[in-house]
>>> print(open('protein24.cif').read())   # mmCIF, C-alpha atoms
data_work
#
loop_
_atom_site.label_atom_id
_atom_site.label_comp_id
_atom_site.auth_asym_id
_atom_site.auth_seq_id
_atom_site.Cartn_x
_atom_site.Cartn_y
_atom_site.Cartn_z
CA MET A 1 9.30 -8.32 -6.87
CA LYS A 2 6.09 -10.10 -6.19
CA VAL A 3 3.11 -7.80 -5.61
CA PHE A 4 0.44 -8.28 -2.92
CA GLN A 5 -2.49 -6.41 -1.43
CA TRP A 6 -3.60 -6.26 2.22
CA LEU A 7 -7.27 -5.34 2.62
CA HIS A 8 -9.82 -6.22 5.33
CA GLY A 9 -7.37 -8.49 7.14
CA GLU A 10 -6.53 -10.61 4.09
CA ILE A 11 -3.59 -10.82 1.73
CA ARG A 12 -4.14 -11.40 -1.97
CA ALA A 13 -1.58 -11.87 -4.71
CA GLY A 14 -1.44 -8.95 -7.13
CA VAL A 15 -2.92 -5.48 -7.26
CA SER A 16 -5.87 -4.52 -9.45
CA LEU A 17 -5.59 -1.75 -12.01
CA VAL A 18 -8.17 0.79 -13.11
CA LYS A 19 -8.29 2.64 -16.42
CA ASP A 20 -7.16 6.27 -16.48
CA GLU A 21 -7.90 8.42 -19.56
CA ARG A 22 -4.40 9.91 -19.78
CA LEU A 23 -2.15 7.31 -18.18
CA GLY A 24 -3.81 4.02 -19.18
CA PRO A 25 -3.96 1.28 -16.51
CA VAL A 26 -3.02 2.61 -13.04
CA ILE A 27 -3.09 1.68 -9.38
CA PHE A 28 -5.32 4.30 -7.75
CA LEU A 29 -4.47 4.96 -4.08
CA GLY A 30 -6.72 6.99 -1.77
CA GLU A 31 -9.66 9.10 -2.88
CA GLU A 32 -10.26 12.23 -4.88
CA GLY A 33 -11.83 15.27 -3.20
CA ARG A 34 -11.60 17.84 -0.46
CA GLY A 35 -9.74 16.58 2.61
CA ARG A 36 -8.50 13.57 0.65
CA ARG A 37 -5.46 12.75 -1.47
CA TYR A 38 -5.10 10.36 -4.37
CA GLU A 39 -2.04 9.02 -6.13
CA LYS A 40 -1.82 7.16 -9.42
CA ILE A 41 0.92 4.67 -10.17
CA ALA A 42 1.12 4.04 -13.90
CA LEU A 43 3.00 1.40 -15.85
CA ASP A 44 6.41 2.29 -17.29
CA ARG A 45 6.08 3.26 -20.96
CA ARG A 46 9.25 1.48 -22.17
CA ASN A 47 9.17 -1.64 -20.00
CA PRO A 48 5.67 -2.00 -18.46
CA ALA A 49 4.84 -4.54 -15.78
CA GLU A 50 2.87 -7.50 -17.09
CA ILE A 51 -0.91 -7.41 -16.57
CA VAL A 52 -2.74 -10.72 -16.05
CA ASP A 53 -6.56 -10.45 -15.94
CA GLY A 54 -6.38 -6.78 -14.89
CA VAL A 55 -3.89 -7.49 -12.09
CA VAL A 56 -0.13 -6.87 -11.70
CA LEU A 57 1.49 -9.89 -10.01
CA GLU A 58 5.18 -8.95 -10.38
CA ALA A 59 6.77 -5.54 -10.87
CA ASN A 60 9.64 -3.31 -9.88
CA PRO A 61 8.83 0.22 -8.74
CA LYS A 62 10.83 2.82 -10.67
CA LYS A 63 11.30 6.27 -9.15
CA ILE A 64 11.08 9.23 -11.53
CA THR A 65 12.11 12.72 -10.44
CA LEU A 66 11.17 15.80 -12.42
CA PRO A 67 13.54 18.70 -11.66
CA THR A 68 12.51 22.12 -10.32
CA ARG A 69 11.10 24.20 -13.17
CA ASP A 70 9.40 27.59 -13.49
CA GLY A 71 9.35 27.99 -9.71
CA LYS A 72 7.57 24.67 -9.21
CA PRO A 73 9.20 22.29 -6.72
CA GLU A 74 10.79 18.98 -7.69
CA LYS A 75 8.17 16.29 -8.38
CA VAL A 76 8.70 12.62 -7.54
CA PHE A 77 6.47 9.78 -8.68
CA TYR A 78 6.67 6.03 -9.31
CA VAL A 79 5.83 3.76 -12.23
CA LEU A 80 5.81 -0.04 -12.35
CA GLU A 81 8.17 -1.75 -14.73
CA ARG A 82 8.58 -5.40 -15.69
CA GLN A 83 10.50 -7.41 -13.12
CA ASN A 84 14.06 -7.70 -14.39
CA SER A 85 15.66 -9.70 -11.56
CA VAL A 86 14.70 -11.95 -8.68
CA SER A 87 14.28 -10.05 -5.41
CA GLU A 88 13.56 -11.16 -1.86
CA SER A 89 11.64 -7.90 -1.35
CA VAL A 90 7.91 -7.73 -1.99
CA LEU A 91 5.68 -4.81 -2.91
CA VAL A 92 2.54 -4.62 -0.76
CA ARG A 93 -0.42 -2.31 -1.13
CA VAL A 94 -1.86 -1.68 2.34
CA ASN A 95 -5.37 -0.22 2.33
CA THR A 96 -6.72 0.55 5.82
CA GLN A 97 -10.26 1.41 4.66
CA TRP A 98 -12.68 -0.80 6.60
CA CYS A 99 -15.85 0.53 8.24
CA TYR A 100 -17.02 4.02 9.03
CA THR A 101 -16.71 5.03 12.66
CA ARG A 102 -16.70 8.68 13.64
CA ASN A 103 -13.20 10.01 14.46
CA SER A 104 -11.37 6.78 13.62
CA GLN A 105 -8.20 6.65 11.55
CA GLY A 106 -6.78 3.81 9.49
CA THR A 107 -2.97 3.75 9.75
CA TRP A 108 0.09 1.50 9.91
CA GLU A 109 3.36 1.68 11.79
CA THR A 110 6.68 -0.15 11.61
CA VAL A 111 7.29 -2.76 14.32
CA SER A 112 10.49 -4.37 13.04
CA GLY A 113 12.91 -3.76 10.20
CA SER A 114 12.60 -0.77 7.93
CA PRO A 115 9.79 -1.19 5.40
CA GLU A 116 9.79 1.64 2.87
CA THR A 117 6.54 3.45 2.07
CA LEU A 118 7.02 4.53 -1.54
CA ILE A 119 3.82 6.46 -2.06
CA SER A 120 0.47 6.82 -0.31
CA GLY A 121 -2.87 8.50 -0.58
CA TYR A 122 -5.75 8.71 1.84
CA GLY A 123 -9.52 8.73 1.90
CA ALA A 124 -11.89 10.27 4.38
CA HIS A 125 -15.44 10.71 5.62
CA GLY A 126 -17.33 13.97 5.89
CA ASP A 127 -17.37 17.08 3.71
CA ALA A 128 -13.73 17.99 4.30
CA GLY A 129 -12.53 14.69 5.68
CA ARG A 130 -12.85 15.78 9.30
CA ILE A 131 -14.96 12.86 10.53
CA GLY A 132 -12.47 10.03 9.96
CA ASN A 133 -9.86 8.85 7.47
CA TRP A 134 -7.84 5.91 6.17
CA ASN A 135 -4.44 5.47 4.51
CA ASP A 136 -3.71 3.56 1.32
CA GLY A 137 -0.09 3.03 0.24
CA LEU A 138 2.54 0.98 -1.57
CA ILE A 139 5.24 -0.41 0.71
CA VAL A 140 8.43 -2.35 -0.06
CA MET A 141 8.98 -5.03 2.60
CA ARG A 142 11.76 -7.59 3.14
CA PRO A 143 11.89 -10.86 5.13
CA GLY A 144 11.76 -10.21 8.88
CA GLU A 145 9.96 -6.85 8.60
CA THR A 146 6.65 -6.28 10.37
CA LEU A 147 3.90 -3.65 10.23
CA LYS A 148 1.14 -3.08 12.77
CA ILE A 149 -2.01 -2.10 10.88
CA SER A 150 -4.85 -0.26 12.59
CA PRO A 151 -7.76 -0.23 10.13
CA GLU A 152 -10.33 2.56 10.32
CA GLY A 153 -13.24 1.60 12.53
CA GLY A 154 -11.86 2.15 16.02
CA HIS A 155 -13.44 -0.28 18.48
CA LYS A 156 -15.26 -2.10 15.65
CA THR A 157 -12.06 -3.50 14.15
CA ALA A 158 -9.02 -5.35 15.48
CA ASN A 159 -5.41 -4.36 14.88
CA TYR A 160 -3.46 -6.60 12.51
CA ALA A 161 0.14 -7.61 11.92
CA LEU A 162 1.59 -7.89 8.44
CA TRP A 163 5.00 -9.54 8.24
CA ILE A 164 7.24 -11.12 5.67
CA GLY A 165 8.34 -14.64 6.58
CA LYS A 166 11.79 -16.07 5.94
CA ASP A 167 10.42 -17.59 2.72
CA GLY A 168 9.55 -14.09 1.43
CA VAL A 169 5.79 -14.64 1.61
CA PRO A 170 3.66 -12.02 3.40
CA GLN A 171 1.52 -13.22 6.27
CA THR A 172 -1.16 -11.53 8.35
CA ALA A 173 -3.01 -12.18 11.58
CA THR A 174 -4.79 -10.17 14.22
CA TRP A 175 -2.29 -8.40 16.46
CA GLU A 176 -3.27 -10.64 19.39
CA ASP A 177 -2.66 -13.81 17.33
CA TYR A 178 0.63 -12.42 16.02
CA GLU A 179 1.91 -11.78 19.54
CA THR A 180 0.96 -15.35 20.49
CA LEU A 181 2.73 -16.76 17.39
CA MET A 182 5.89 -14.76 18.16
CA ALA A 183 5.87 -15.89 21.83
CA ILE A 184 5.59 -19.54 20.75
CA GLU A 185 8.37 -19.06 18.18
CA ARG A 186 10.72 -17.55 20.81
CA SER A 187 10.14 -20.34 23.37
#
>>> encode(input="protein24.cif", output="structure tokens")
Amino acid sequence: MKVFQWLHGEIRAGVSLVKDERLGPVIFLGEEGRGRRYEKIALDRRNPAEIVDGVVLEANPKKITLPTRDGKPEKVFYVLERQNSVSESVLVRVNTQWCYTRNSQGTWETVSGSPETLISGYGAHGDAGRIGNWNDGLIVMRPGETLKISPEGGHKTANYALWIGKDGVPQTATWEDYETLMAIERS
């Protein structure tokens, strides 16, 4: 699948990787710390996704489940492997971090279809994350599916639509513009 990133109302091809001491190059979602949660998505060890200038442009997410052991619950995580077939689905990182506004939350919700959130982390403001927060996740989307994204910032930011067109390319617009586009398309 092709990989994209939605951030600050824009879509870019590919997702940047950062270096992790133990796992090598990873996608780092969310933030580390109290009142926050981070997730790392590494590359598959046997069949890693291709990296071009520090960015993954195409990859398939592979789910790995570690069984219950020594009283610890089952653990599920994802790695990115090299794309092995053509898919109409796309993998989109949605990061709702925007601008600090007290008591605002950055989130997304499904409007149409059934996009699948594979994994997500979140960041926050304040000592324990009580002042405001934002979500950051990897989502599998297919043509015809739409998300409504509410970036952190409350009244300072607009809501956005993220949808996958019939050609399989993600598109974004402010929610107001999206509603206008859909009304024109229906008429």
>>> residues_near_point(input="protein24.cif", point="(-1.9, 1.6, -4.8)", cutoff="9 Å", atoms="all atoms listed in the file", output="VMD selection string")
chain A and resid 5 15 to 17 26 to 30 39 to 41 92 to 95 119 to 121 136 to 138
>>> closest_residue(input="protein24.cif", among="A:Leu118, A:Val86, A:Leu23, A:Ala13", to="Pro61 in chain A", atoms="all atoms listed in the file")
A:Leu118
>>> closest_residue(input="protein24.cif", among="A:Pro48, A:Asn84, A:Tyr178, A:Lys63", to="Met1 in chain A", atoms="only C-alpha atoms")
A:Asn84
>>> residues_around(input="protein24.cif", residues="Glu58 in chain A", least_positions_apart="4", cutoff="8 Å", atoms="all atoms listed in the file", output="list in words")
Met1, Lys2, Val3, Gly14, Ala49, Glu50, Arg82 and Gln83 of chain A
>>> atom_distance(input="protein24.cif", atom1="CA of Gly154 in chain A", atom2="CA of Ile184 in chain A")
28.2 Å
>>> closest_residue(input="protein24.cif", among="A:Pro170, A:Gly126, A:Gly106, A:Pro25", to="His155 in chain A", atoms="only C-alpha atoms")
A:Gly106
